[in-house]
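Student: So here's upload_18.cif (mmCIF, C-alpha atoms).
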```
data_my_file
loop_
_atom_site.label_atom_id
_atom_site.label_comp_id
_atom_site.auth_asym_id
_atom_site.auth_seq_id
_atom_site.Cartn_x
_atom_site.Cartn_y
_atom_site.Cartn_z
CA MET A 1 -12.74 0.15 -36.92
CA THR A 2 -14.41 3.31 -35.67
CA PHE A 3 -15.87 3.89 -32.20
CA ASP A 4 -17.13 6.74 -30.05
CA VAL A 5 -15.30 5.60 -26.90
CA LEU A 6 -12.20 3.41 -26.55
CA ILE A 7 -11.40 2.16 -23.02
CA ILE A 8 -7.88 0.82 -22.58
CA GLY A 9 -7.72 -1.41 -19.49
CA GLY A 10 -10.40 -3.88 -18.41
CA GLY A 11 -9.74 -4.07 -14.67
CA LEU A 12 -12.43 -3.20 -12.14
CA VAL A 13 -12.55 0.52 -12.97
CA GLY A 14 -12.40 0.19 -16.76
CA ALA A 15 -14.91 -2.66 -16.79
CA SER A 16 -17.35 -0.86 -14.47
CA LEU A 17 -17.14 2.30 -16.60
CA ALA A 18 -17.98 0.28 -19.74
CA ALA A 19 -20.93 -1.29 -17.89
CA ALA A 20 -22.13 2.12 -16.64
CA LEU A 21 -22.27 3.35 -20.26
CA LYS A 22 -24.49 0.48 -21.42
CA SER A 23 -27.44 2.80 -22.10
CA SER A 24 -25.37 5.75 -23.37
CA GLY A 25 -26.00 5.22 -27.07
CA LEU A 26 -22.22 5.32 -27.57
CA ASN A 27 -20.44 2.72 -29.69
CA MET A 28 -17.57 1.49 -27.49
CA ALA A 29 -14.50 -0.73 -27.55
CA LEU A 30 -12.51 -2.10 -24.62
CA VAL A 31 -8.90 -3.33 -24.97
CA GLU A 32 -7.46 -5.58 -22.26
CA THR A 33 -4.05 -7.28 -22.34
CA GLN A 34 -4.90 -10.14 -19.98
CA PRO A 35 -7.07 -13.16 -20.84
CA THR A 36 -10.31 -12.83 -18.92
CA VAL A 37 -10.71 -16.47 -17.87
CA LEU A 38 -10.02 -16.37 -14.13
CA SER A 39 -9.85 -19.50 -12.02
CA ASN A 40 -12.40 -19.92 -9.23
CA GLU A 41 -10.11 -22.26 -7.33
CA GLY A 42 -9.10 -21.13 -3.87
CA TRP A 43 -9.15 -17.58 -2.51
CA ASP A 44 -7.67 -14.52 -4.20
CA ASN A 45 -5.12 -12.63 -2.07
CA ARG A 46 -5.99 -9.44 -3.95
CA ILE A 47 -8.81 -8.11 -1.76
CA TYR A 48 -10.70 -4.83 -1.91
CA ALA A 49 -12.77 -2.88 0.61
CA VAL A 50 -15.68 -1.56 -1.45
CA SER A 51 -17.59 1.35 0.11
CA PRO A 52 -21.41 1.41 0.22
CA GLY A 53 -21.25 4.11 -2.46
CA GLY A 54 -19.09 1.84 -4.60
CA ALA A 55 -21.55 -1.02 -4.09
CA ALA A 56 -24.42 1.28 -5.16
CA PHE A 57 -22.52 2.23 -8.33
CA LEU A 58 -21.82 -1.45 -9.10
CA THR A 59 -25.52 -2.18 -8.58
CA GLN A 60 -26.30 0.44 -11.26
CA CYS A 61 -23.81 -1.45 -13.46
CA ASP A 62 -25.89 -4.63 -12.87
CA ALA A 63 -22.84 -6.28 -11.29
CA TRP A 64 -23.24 -6.19 -7.51
CA GLN A 65 -26.49 -8.17 -7.52
CA GLN A 66 -24.76 -10.93 -9.54
CA LEU A 67 -22.12 -11.59 -6.85
CA ASP A 68 -22.02 -14.73 -4.75
CA MET A 69 -22.65 -13.01 -1.40
CA ASN A 70 -21.20 -16.02 0.44
CA ARG A 71 -17.82 -14.64 -0.70
CA VAL A 72 -18.58 -11.05 0.38
CA GLN A 73 -18.04 -9.89 3.99
CA PRO A 74 -19.74 -6.72 5.28
CA VAL A 75 -17.72 -4.66 7.77
CA GLU A 76 -19.80 -3.48 10.72
CA THR A 77 -17.04 -2.10 12.97
CA MET A 78 -13.56 -0.69 12.49
CA ARG A 79 -10.96 -0.45 15.26
CA VAL A 80 -7.83 1.66 14.71
CA PHE A 81 -4.96 1.42 17.21
CA GLY A 82 -2.15 3.94 17.71
CA ASP A 83 0.67 3.61 20.21
CA GLU A 84 0.24 4.01 23.97
CA ASP A 85 -3.09 2.13 23.82
CA MET A 86 -4.82 4.90 21.88
CA GLU A 87 -7.81 3.65 19.90
CA LEU A 88 -10.37 4.98 17.42
CA ASP A 89 -13.58 3.02 16.76
CA PHE A 90 -16.11 3.35 13.96
CA SER A 91 -19.45 1.55 14.14
CA ALA A 92 -22.05 1.19 11.38
CA TYR A 93 -24.73 1.15 14.08
CA GLN A 94 -23.58 4.51 15.51
CA LEU A 95 -23.51 6.01 12.02
CA GLY A 96 -26.99 4.73 11.23
CA VAL A 97 -25.89 2.61 8.23
CA PRO A 98 -26.05 -1.17 7.66
CA GLU A 99 -22.30 -1.51 7.05
CA LEU A 100 -19.10 0.51 6.70
CA ALA A 101 -17.73 -1.43 3.70
CA PHE A 102 -17.73 -4.78 1.93
CA ILE A 103 -14.60 -6.95 1.69
CA LEU A 104 -14.37 -9.11 -1.42
CA GLU A 105 -11.95 -10.66 -3.87
CA ASN A 106 -10.80 -8.85 -6.99
CA ARG A 107 -11.32 -12.01 -9.05
CA LEU A 108 -14.93 -12.44 -7.94
CA LEU A 109 -15.94 -8.92 -8.98
CA GLN A 110 -13.86 -9.06 -12.17
CA GLN A 111 -15.67 -12.21 -13.34
CA VAL A 112 -19.12 -10.73 -12.73
CA LEU A 113 -18.29 -7.50 -14.58
CA TRP A 114 -16.80 -9.32 -17.56
CA ARG A 115 -19.78 -11.67 -17.86
CA GLY A 116 -21.95 -8.58 -18.28
CA LEU A 117 -19.55 -6.95 -20.76
CA GLN A 118 -19.57 -10.01 -23.01
CA GLU A 119 -23.32 -9.58 -23.44
CA GLN A 120 -23.29 -5.78 -23.85
CA ASP A 121 -24.68 -4.73 -27.26
CA ASN A 122 -22.82 -1.41 -27.64
CA LEU A 123 -19.40 -2.84 -26.70
CA THR A 124 -16.69 -4.64 -28.71
CA LEU A 125 -14.07 -6.46 -26.66
CA PHE A 126 -10.44 -6.88 -27.76
CA HIS A 127 -8.75 -9.36 -25.40
CA PRO A 128 -6.13 -10.43 -24.99
CA ALA A 129 -4.79 -7.62 -27.17
CA HIS A 130 -1.62 -5.54 -26.89
CA CYS A 131 -1.27 -1.88 -27.80
CA ALA A 132 1.51 -0.81 -30.18
CA SER A 133 0.95 2.91 -30.73
CA LEU A 134 -1.53 5.65 -29.86
CA VAL A 135 -1.74 9.04 -31.54
CA TRP A 136 -4.20 11.89 -31.26
CA HIS A 137 -5.47 14.11 -34.08
CA ASP A 138 -8.00 16.92 -33.96
CA ASP A 139 -10.88 14.72 -35.09
CA ALA A 140 -10.03 11.41 -33.36
CA ALA A 141 -7.46 9.21 -31.64
CA TYR A 142 -5.92 6.21 -33.41
CA LEU A 143 -4.79 3.07 -31.57
CA GLN A 144 -2.77 0.44 -33.39
CA LEU A 145 -2.70 -3.03 -31.87
CA GLU A 146 0.33 -5.31 -32.15
CA ASP A 147 -1.61 -7.58 -34.52
CA GLY A 148 -1.93 -4.68 -36.99
CA ARG A 149 -5.57 -3.74 -36.38
CA THR A 150 -6.29 -0.02 -35.96
CA LEU A 151 -9.06 1.41 -33.78
CA LYS A 152 -10.28 4.98 -34.25
CA ALA A 153 -12.24 6.75 -31.47
CA LYS A 154 -13.49 10.19 -30.50
CA LEU A 155 -12.48 9.56 -26.88
CA VAL A 156 -9.76 7.38 -25.34
CA ILE A 157 -10.12 6.47 -21.65
CA GLY A 158 -6.96 5.30 -19.90
CA ALA A 159 -7.91 2.73 -17.26
CA ASP A 160 -4.67 0.77 -17.48
CA GLY A 161 -3.36 1.06 -13.93
CA GLY A 162 -0.61 2.79 -12.01
CA ASN A 163 2.05 2.36 -14.72
CA SER A 164 -0.37 3.59 -17.38
CA TRP A 165 0.88 3.21 -20.95
CA VAL A 166 -1.91 5.54 -22.12
CA ARG A 167 -0.74 8.26 -19.71
CA GLN A 168 2.81 7.96 -21.04
CA GLN A 169 1.65 8.20 -24.66
CA ALA A 170 -0.32 11.34 -23.79
CA GLY A 171 2.74 12.96 -22.21
CA ILE A 172 1.04 13.49 -18.85
CA VAL A 173 3.97 13.27 -16.47
CA ALA A 174 4.40 13.83 -12.74
CA PRO A 175 7.11 12.29 -10.55
CA PRO A 176 5.55 9.80 -8.11
CA THR A 177 6.38 10.04 -4.41
CA LEU A 178 7.91 6.70 -3.43
CA TYR A 179 6.96 5.71 0.12
CA ASN A 180 9.87 3.27 0.49
CA GLN A 181 7.28 0.75 1.62
CA HIS A 182 5.80 -2.44 0.21
CA GLY A 183 2.29 -3.69 0.86
CA VAL A 184 2.46 -7.36 1.87
CA VAL A 185 -0.83 -9.21 1.36
CA ALA A 186 -2.06 -12.66 2.39
CA ASN A 187 -5.22 -14.33 3.70
CA PHE A 188 -5.44 -16.22 7.00
CA ALA A 189 -7.92 -18.41 8.81
CA VAL A 190 -8.30 -17.10 12.39
CA GLU A 191 -8.94 -18.80 15.71
CA LYS A 192 -11.20 -16.14 17.26
CA LEU A 193 -14.35 -14.68 15.70
CA HIS A 194 -13.64 -11.45 13.83
CA ARG A 195 -17.28 -10.33 14.34
CA ALA A 196 -17.31 -8.36 11.03
CA THR A 197 -14.61 -6.06 12.42
CA ALA A 198 -11.71 -4.52 10.48
CA PHE A 199 -8.57 -3.92 12.54
CA GLN A 200 -5.69 -1.54 11.88
CA TRP A 201 -2.50 -0.98 13.87
CA PHE A 202 -0.30 2.07 13.24
CA GLN A 203 3.20 1.00 14.25
CA PRO A 204 6.54 2.85 14.09
CA ASP A 205 7.79 0.49 11.38
CA GLY A 206 4.59 0.01 9.38
CA ILE A 207 0.81 -0.18 9.22
CA LEU A 208 -0.94 -3.52 9.67
CA ALA A 209 -4.56 -4.07 8.63
CA LEU A 210 -6.62 -7.24 9.08
CA LEU A 211 -9.86 -7.12 7.11
CA PRO A 212 -12.67 -9.62 7.77
CA LEU A 213 -13.51 -12.23 5.16
CA PRO A 214 -16.26 -14.88 5.13
CA GLN A 215 -15.66 -18.33 6.63
CA GLN A 216 -13.74 -16.96 9.62
CA MET A 217 -10.85 -15.63 7.57
CA VAL A 218 -9.08 -12.28 7.32
CA SER A 219 -7.13 -10.49 4.61
CA MET A 220 -3.87 -8.86 5.66
CA VAL A 221 -2.34 -5.70 4.20
CA TRP A 222 0.93 -4.91 5.99
CA SER A 223 2.77 -1.79 4.82
CA VAL A 224 6.43 -2.24 5.73
CA SER A 225 9.91 -1.31 4.49
CA PRO A 226 11.17 -3.19 1.39
CA GLU A 227 13.71 -4.94 3.64
CA LYS A 228 11.06 -6.21 6.04
CA SER A 229 8.85 -7.14 3.10
CA GLN A 230 11.58 -9.45 1.79
CA ILE A 231 11.98 -11.01 5.23
CA LEU A 232 8.22 -11.64 5.53
CA LEU A 233 8.03 -13.23 2.07
CA GLN A 234 10.90 -15.59 2.91
CA LEU A 235 9.46 -16.83 6.22
CA SER A 236 7.94 -20.27 6.51
CA HIS A 237 4.15 -20.31 6.72
CA GLU A 238 4.30 -21.01 10.44
CA GLU A 239 6.78 -18.17 11.08
CA LEU A 240 4.70 -15.70 9.07
CA CYS A 241 1.55 -16.63 10.99
CA ALA A 242 3.41 -16.17 14.28
CA GLN A 243 4.78 -12.74 13.24
CA VAL A 244 1.37 -11.45 12.10
CA ALA A 245 -0.31 -12.79 15.24
CA ALA A 246 2.29 -11.05 17.43
CA ALA A 247 2.05 -7.75 15.49
CA SER A 248 -1.75 -7.84 15.89
CA HIS A 249 -1.38 -8.50 19.65
CA HIS A 250 -3.04 -11.91 19.20
CA THR A 251 -6.37 -10.14 18.82
CA LEU A 252 -7.71 -12.95 16.60
CA GLY A 253 -5.78 -15.78 18.25
CA ALA A 254 -3.73 -18.27 16.23
CA LEU A 255 -3.54 -17.75 12.46
CA GLN A 256 -3.31 -20.26 9.62
CA LEU A 257 -2.12 -19.17 6.15
CA VAL A 258 -4.69 -19.62 3.35
CA THR A 259 -2.99 -17.83 0.42
CA SER A 260 0.72 -17.34 -0.16
CA PRO A 261 1.98 -13.82 0.62
CA ALA A 262 2.72 -11.31 -2.15
CA ALA A 263 4.09 -7.76 -2.09
CA PHE A 264 3.82 -4.60 -4.18
CA PRO A 265 5.57 -1.20 -3.88
CA LEU A 266 3.57 1.76 -2.50
CA ARG A 267 3.64 5.25 -3.92
CA LEU A 268 1.72 8.50 -4.19
CA LEU A 269 0.82 9.94 -7.60
CA ASN A 270 -1.11 13.18 -8.00
CA LEU A 271 -1.23 14.36 -11.61
CA PRO A 272 -1.47 18.00 -12.75
CA GLN A 273 -4.25 16.98 -15.17
CA ILE A 274 -6.33 13.89 -15.89
CA ILE A 275 -7.77 15.01 -19.24
CA LYS A 276 -6.59 16.26 -22.61
CA PRO A 277 -8.58 16.68 -25.81
CA ARG A 278 -9.98 13.21 -26.59
CA LEU A 279 -8.45 11.70 -23.44
CA ALA A 280 -9.58 11.00 -19.87
CA LEU A 281 -7.77 9.02 -17.18
CA VAL A 282 -9.54 6.99 -14.49
CA GLY A 283 -8.54 4.84 -11.51
CA ASP A 284 -4.87 4.14 -10.80
CA ALA A 285 -3.96 5.66 -14.18
CA ALA A 286 -5.19 8.99 -12.74
CA HIS A 287 -3.92 8.74 -9.13
CA ASN A 288 -2.15 6.43 -6.67
CA ILE A 289 -2.63 6.64 -2.90
CA HIS A 290 -1.40 4.74 0.17
CA PRO A 291 -3.66 1.74 0.95
CA LEU A 292 -3.98 2.64 4.66
CA ALA A 293 -7.54 3.97 4.16
CA GLY A 294 -8.58 1.20 1.75
CA GLN A 295 -9.93 3.84 -0.63
CA GLY A 296 -7.91 3.28 -3.83
CA VAL A 297 -10.53 1.25 -5.71
CA ASN A 298 -13.35 3.44 -4.38
CA LEU A 299 -11.66 6.54 -5.80
CA GLY A 300 -11.54 4.69 -9.11
CA PHE A 301 -15.22 3.77 -8.96
CA ARG A 302 -16.06 7.41 -8.23
CA ASP A 303 -14.01 8.39 -11.32
CA ALA A 304 -15.98 5.91 -13.41
CA ARG A 305 -19.31 7.03 -11.94
CA GLN A 306 -18.55 10.71 -12.60
CA LEU A 307 -17.23 10.22 -16.14
CA ALA A 308 -20.20 8.01 -17.00
CA GLN A 309 -22.54 10.70 -15.67
CA VAL A 310 -20.87 13.39 -17.79
CA LEU A 311 -21.11 11.26 -20.93
CA LEU A 312 -24.68 10.17 -20.23
CA GLN A 313 -25.72 13.81 -19.69
CA ARG A 314 -23.83 15.23 -22.67
CA GLY A 315 -27.07 16.57 -24.19
CA ALA A 316 -26.67 18.00 -27.67
CA GLN A 317 -22.89 17.58 -27.58
CA GLN A 318 -22.29 14.85 -30.18
CA ASP A 319 -18.51 14.77 -29.72
CA CYS A 320 -17.81 12.78 -26.55
CA GLY A 321 -14.11 13.69 -26.75
CA ASN A 322 -14.75 17.43 -26.62
CA ILE A 323 -12.40 19.11 -24.12
CA HIS A 324 -15.17 21.28 -22.61
CA LEU A 325 -17.21 18.15 -21.87
CA LEU A 326 -14.20 16.41 -20.32
CA ARG A 327 -13.44 19.43 -18.13
CA ARG A 328 -16.74 18.79 -16.33
CA TYR A 329 -15.34 15.41 -15.31
CA GLU A 330 -11.96 16.80 -14.22
CA ARG A 331 -13.51 19.62 -12.16
CA ALA A 332 -15.96 17.26 -10.48
CA ARG A 333 -13.20 14.87 -9.41
CA LYS A 334 -10.53 17.35 -8.30
CA GLU A 335 -11.64 17.97 -4.69
CA ASP A 336 -12.37 14.33 -3.84
CA VAL A 337 -9.05 13.06 -5.23
CA LEU A 338 -6.97 15.83 -3.64
CA SER A 339 -8.69 15.30 -0.29
CA MET A 340 -7.92 11.56 -0.30
CA VAL A 341 -4.34 12.08 -1.55
CA LEU A 342 -3.59 14.57 1.24
CA THR A 343 -5.38 12.58 3.96
CA THR A 344 -3.58 9.30 3.27
CA ASP A 345 -0.22 11.03 2.81
CA VAL A 346 -0.48 12.99 6.08
CA LEU A 347 -1.64 9.93 8.04
CA LYS A 348 1.19 7.82 6.66
CA LYS A 349 3.81 10.43 7.58
CA LEU A 350 2.24 11.14 10.96
CA PHE A 351 2.09 7.53 12.11
CA ASN A 352 5.19 6.07 10.47
CA ASN A 353 7.40 8.41 12.45
CA SER A 354 9.40 8.01 15.64
CA ASN A 355 9.46 11.74 16.48
CA PRO A 356 8.23 12.06 20.12
CA LEU A 357 6.37 15.30 19.38
CA LEU A 358 4.50 13.73 16.47
CA ARG A 359 3.74 10.69 18.63
CA ALA A 360 2.09 12.96 21.17
CA VAL A 361 0.16 14.82 18.46
CA ARG A 362 -1.18 11.68 16.78
CA ASN A 363 -2.23 10.02 20.04
CA ALA A 364 -3.96 13.20 21.19
CA GLY A 365 -5.65 13.40 17.78
CA LEU A 366 -6.89 9.81 17.96
CA ALA A 367 -8.22 10.30 21.47
CA ALA A 368 -9.94 13.59 20.58
CA THR A 369 -11.50 12.16 17.41
CA ASN A 370 -12.83 9.18 19.33
CA ARG A 371 -14.50 11.51 21.85
CA ILE A 372 -16.00 14.00 19.36
CA ALA A 373 -18.89 12.16 17.74
CA PRO A 374 -19.64 14.74 14.97
CA LEU A 375 -15.99 14.75 13.85
CA LYS A 376 -15.87 10.97 13.81
CA LYS A 377 -19.09 10.84 11.78
CA MET A 378 -17.75 13.38 9.29
CA LEU A 379 -14.59 11.30 8.74
CA ALA A 380 -16.53 8.09 8.34
CA ARG A 381 -19.20 9.52 6.03
CA HIS A 382 -16.61 10.54 3.44
CA ALA A 383 -15.36 6.94 3.28
CA LEU A 384 -18.92 5.64 2.77
CA ASN A 385 -19.32 7.42 -0.59
#
```
Can you present the structure in this file as C-alpha cells?

Tutor:
Amino acid sequence: MTFDVLIIGGGLVGASLAAALKSSGLNMALVETQPTVLSNEGWDNRIYAVSPGGAAFLTQCDAWQQLDMNRVQPVETMRVFGDEDMELDFSAYQLGVPELAFILENRLLQQVLWRGLQEQDNLTLFHPAHCASLVWHDDAAYLQLEDGRTLKAKLVIGADGGNSWVRQQAGIVAPPTLYNQHGVVANFAVEKLHRATAFQWFQPDGILALLPLPQQMVSMVWSVSPEKSQILLQLSHEELCAQVAAASHHTLGALQLVTSPAAFPLRLLNLPQIIKPRLALVGDAAHNIHPLAGQGVNLGFRDARQLAQVLLQRGAQQDCGNIHLLRRYERARKEDVLSMVLTTDVLKKLFNNSNPLLRAVRNAGLAATNRIAPLKKMLARHALN
C-alpha cells in the first residue's frame, strides 16, 4: 500500500496534523496502536490547557467547533505564588483578550478529532495496529505492521509520544534530562468558586497547579519527588484532599476527589534534529518539557500547524519527503521550541531550590515582573500563541 504521508501516532498532535492536511491533495495513512473507542463515562484526569492559538488551529482542523463547550473551561485569570507571599497575576482583561487558555479533557478532544478523521477522504486509518519494522530508502520509507501488511510512503511523521519508536528507528538519539519528579494528576470538586482562575504555587519541594474545570471542579498537576508521589498515590481519598487543600492554602476551601490520582515521570528532551530525509518528528516525539507552564500540547499543536503549512505550500515540489522541504519546518520550529525548553527548565531549577540567594532572586523577579506591565504582557503573549 503506497501513500504520500504516513503518520505514526494518532494522539492529539498526530490526529490534528492529519486533519490539517485534509485539503492538501496528499494521500495519507495514520497508524495508531490504541483502539479509538473512548468511554464518555466520568471525567478524564488527563487534562490539557489549550492556548487561544491552539484553539484557532483546532478550529481550522474543524475540531474545536465540534466540542461540547459545557466540558470546556476558559481561563480568565492566572495567579502564580512564590514564597514569602510573592505573587504574579495575569488577566485576560488586562491583556485585551477574551481568555488566557481553555482547560479540557484529552478524551473529549481525541473523540472529536477521530470522528473527523474517520470521514476524511484522503486518509486511511490503521487502528489498532502495531509496528514491526521501519526502514528508509532513497525513494521511500517502508513500514511493516505486525500483521504482515507493508505501507510505503514518501514521508513518515513520528507523532508517537515521548518514548517514540519512530525516533528510535531513525537513530535520532539525545539523553533526556530526568527531573527526578513525577507529575501527580487528579480532579477535585471544590467548595469555593474558582472564578475561571488558574492557580500555581512554587514550593521548595514541588510545584502545585490547580486548573479550573466546568461544574465547579479543578484539575491538579502536582510536580513532586518520586517518593512523595508514591505517598500521595497511597493516601486515602480524604487524606489526599486534605493534603492538596493544605498545600494550596485552602484557597478553594474543602476538596472532594472526582478522579483517582495518577502519576507520570517528568523529563526534558531537546533533540539535535527533528528531521531526516523522509522523516519529521512532531509533539512529544520531538521534545519533552516540564508541565509547569502547561505548554507541552501547545508546542505540539504548533509543530503540527507549521508542518501542515510547509506541506500545503510545497508548490511545485512533488516529493513531500524532500529534505529541503522538511528543513523549512525544522528551521521554523527551532526558536519556539528552544525558548520553551529553556524557560521551563530555568523556572523549574530556580523555584525548586532551597538556596537562599536563589530564593531572593526569584522573589525579586516575581515582584518586578508583576510591576512591569510590558514585561508581563510579553511573557503572557508568547503563551497565547

Student: Please report the interatomic distance between CA of Gly42 in chain A and CA of Gln256 in chain A in Å with one decimal.

Tutor: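 That distance, rounded to one decimal, is 14.7 Å.
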
Student: Of the residues A:Met340, A:Ala101, A:Ala141, A:Ala332, which is the one nearest to Leu299 in chain A, using all atoms listed in the file?

Tutor: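 Result for the nearest residue to Leu299 in chain A: A:Met340.
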
Student: CA of Ile103 in chain A and CA of Gln243 in chain A, how far apart in Å?

Tutor: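 Interatomic distance, CA of Gln243 in chain A to CA of Ile103 in chain A: 23.3 Å.
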
Student: Evaluate the PyMOL selection byres ((chain A and resi 266) around 9) on the structure here and hand back the selected residues as an mmCIF file with C-alpha atoms, in the coordinates of the input.

Tutor:
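The new file result_3.cif reads:
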```
data_model
loop_
_atom_site.group_PDB
_atom_site.id
_atom_site.type_symbol
_atom_site.label_atom_id
_atom_site.label_comp_id
_atom_site.auth_asym_id
_atom_site.auth_seq_id
_atom_site.Cartn_x
_atom_site.Cartn_y
_atom_site.Cartn_z
ATOM 1 C CA THR A 177 6.380 10.040 -4.410
ATOM 2 C CA LEU A 178 7.910 6.700 -3.430
ATOM 3 C CA TYR A 179 6.960 5.710 0.120
ATOM 4 C CA ASN A 180 9.870 3.270 0.490
ATOM 5 C CA GLN A 181 7.280 0.750 1.620
ATOM 6 C CA HIS A 182 5.800 -2.440 0.210
ATOM 7 C CA GLY A 183 2.290 -3.690 0.860
ATOM 8 C CA SER A 223 2.770 -1.790 4.820
ATOM 9 C CA PHE A 264 3.820 -4.600 -4.180
ATOM 10 C CA PRO A 265 5.570 -1.200 -3.880
ATOM 11 C CA ARG A 267 3.640 5.250 -3.920
ATOM 12 C CA LEU A 268 1.720 8.500 -4.190
ATOM 13 C CA ASN A 288 -2.150 6.430 -6.670
ATOM 14 C CA ILE A 289 -2.630 6.640 -2.900
ATOM 15 C CA HIS A 290 -1.400 4.740 0.170
ATOM 16 C CA PRO A 291 -3.660 1.740 0.950
#
```

Student: Which of these residues is nearest to Asp336 in chain A, using only C-alpha atoms: A:Arg195, A:Arg115, A:His324, A:Arg302?

Tutor: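 Of the candidates, the smallest distance to Asp336 in chain A is held by A:Arg302.
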
Student: May I have the residues within 6 Å of Arg278 in chain A as a count of residues only, using only C-alpha atoms and disregarding those fewer than 2 positions away in the same chain?

Tutor: 3

Student: Selection in question (the file shown): the PyMOL selection byres ((chain A and resi 249) around 12). Which residues does it include, as a ChimeraX atom specification?

Tutor: /A:81,85,199-201,203,208,210,242-248,250-255

Student: Just say which residues the PyMOL selection byres ((chain A and resi 56) around 12) picks in this file, as a compact mmCIF listing (two decimals) with C-alpha atoms, keeping the file's coordinate frame.

Tutor:
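That gives us part-v1.txt:
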```txt
# COMPACT_ATOMS: atom_id res chain seq x y z
CA SER A 16 -17.35 -0.86 -14.47
CA ALA A 20 -22.13 2.12 -16.64
CA VAL A 50 -15.68 -1.56 -1.45
CA SER A 51 -17.59 1.35 0.11
CA PRO A 52 -21.41 1.41 0.22
CA GLY A 53 -21.25 4.11 -2.46
CA GLY A 54 -19.09 1.84 -4.60
CA ALA A 55 -21.55 -1.02 -4.09
CA PHE A 57 -22.52 2.23 -8.33
CA LEU A 58 -21.82 -1.45 -9.10
CA THR A 59 -25.52 -2.18 -8.58
CA GLN A 60 -26.30 0.44 -11.26
CA CYS A 61 -23.81 -1.45 -13.46
CA ASP A 62 -25.89 -4.63 -12.87
CA ALA A 63 -22.84 -6.28 -11.29
CA TRP A 64 -23.24 -6.19 -7.51
CA GLN A 65 -26.49 -8.17 -7.52
CA ALA A 101 -17.73 -1.43 3.70
CA PHE A 102 -17.73 -4.78 1.93
CA ASN A 298 -13.35 3.44 -4.38
CA PHE A 301 -15.22 3.77 -8.96
CA ARG A 302 -16.06 7.41 -8.23
CA ARG A 305 -19.31 7.03 -11.94
CA LEU A 384 -18.92 5.64 2.77
CA ASN A 385 -19.32 7.42 -0.59
```

Student: In Å, rounded to a single decimal, give me how far CA of Asn106 in chain A is from CA of Leu30 in chain A.

Tutor: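 Computing it gives 19.0 Å between the two atoms.
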
Student: Given the choices A:Glu32, A:Asp83, A:Asp68, A:Glu99, which gets closest to Val361 in chain A if the distance is worked out from all atoms listed in the file?

Tutor: A:Asp83

Student: So that I can check the surroundings of Leu271 in chain A, please list as an NGL selection string every protein, DNA and RNA residue that reaches within 9 Å of it, counting all atoms listed in the file and ignoring chain neighbours fewer than 4 positions away.

Tutor: :A and (172-176 or 286-287)

Student: Which residues, protein or nucleic acid, reach to within 7 Å of (-1.2, -7.7, -23.4) in the file's coordinates when using all atoms listed in the file, and can you give that as a PyMOL selection string?

Tutor: chain A and resi 32-34+128-130
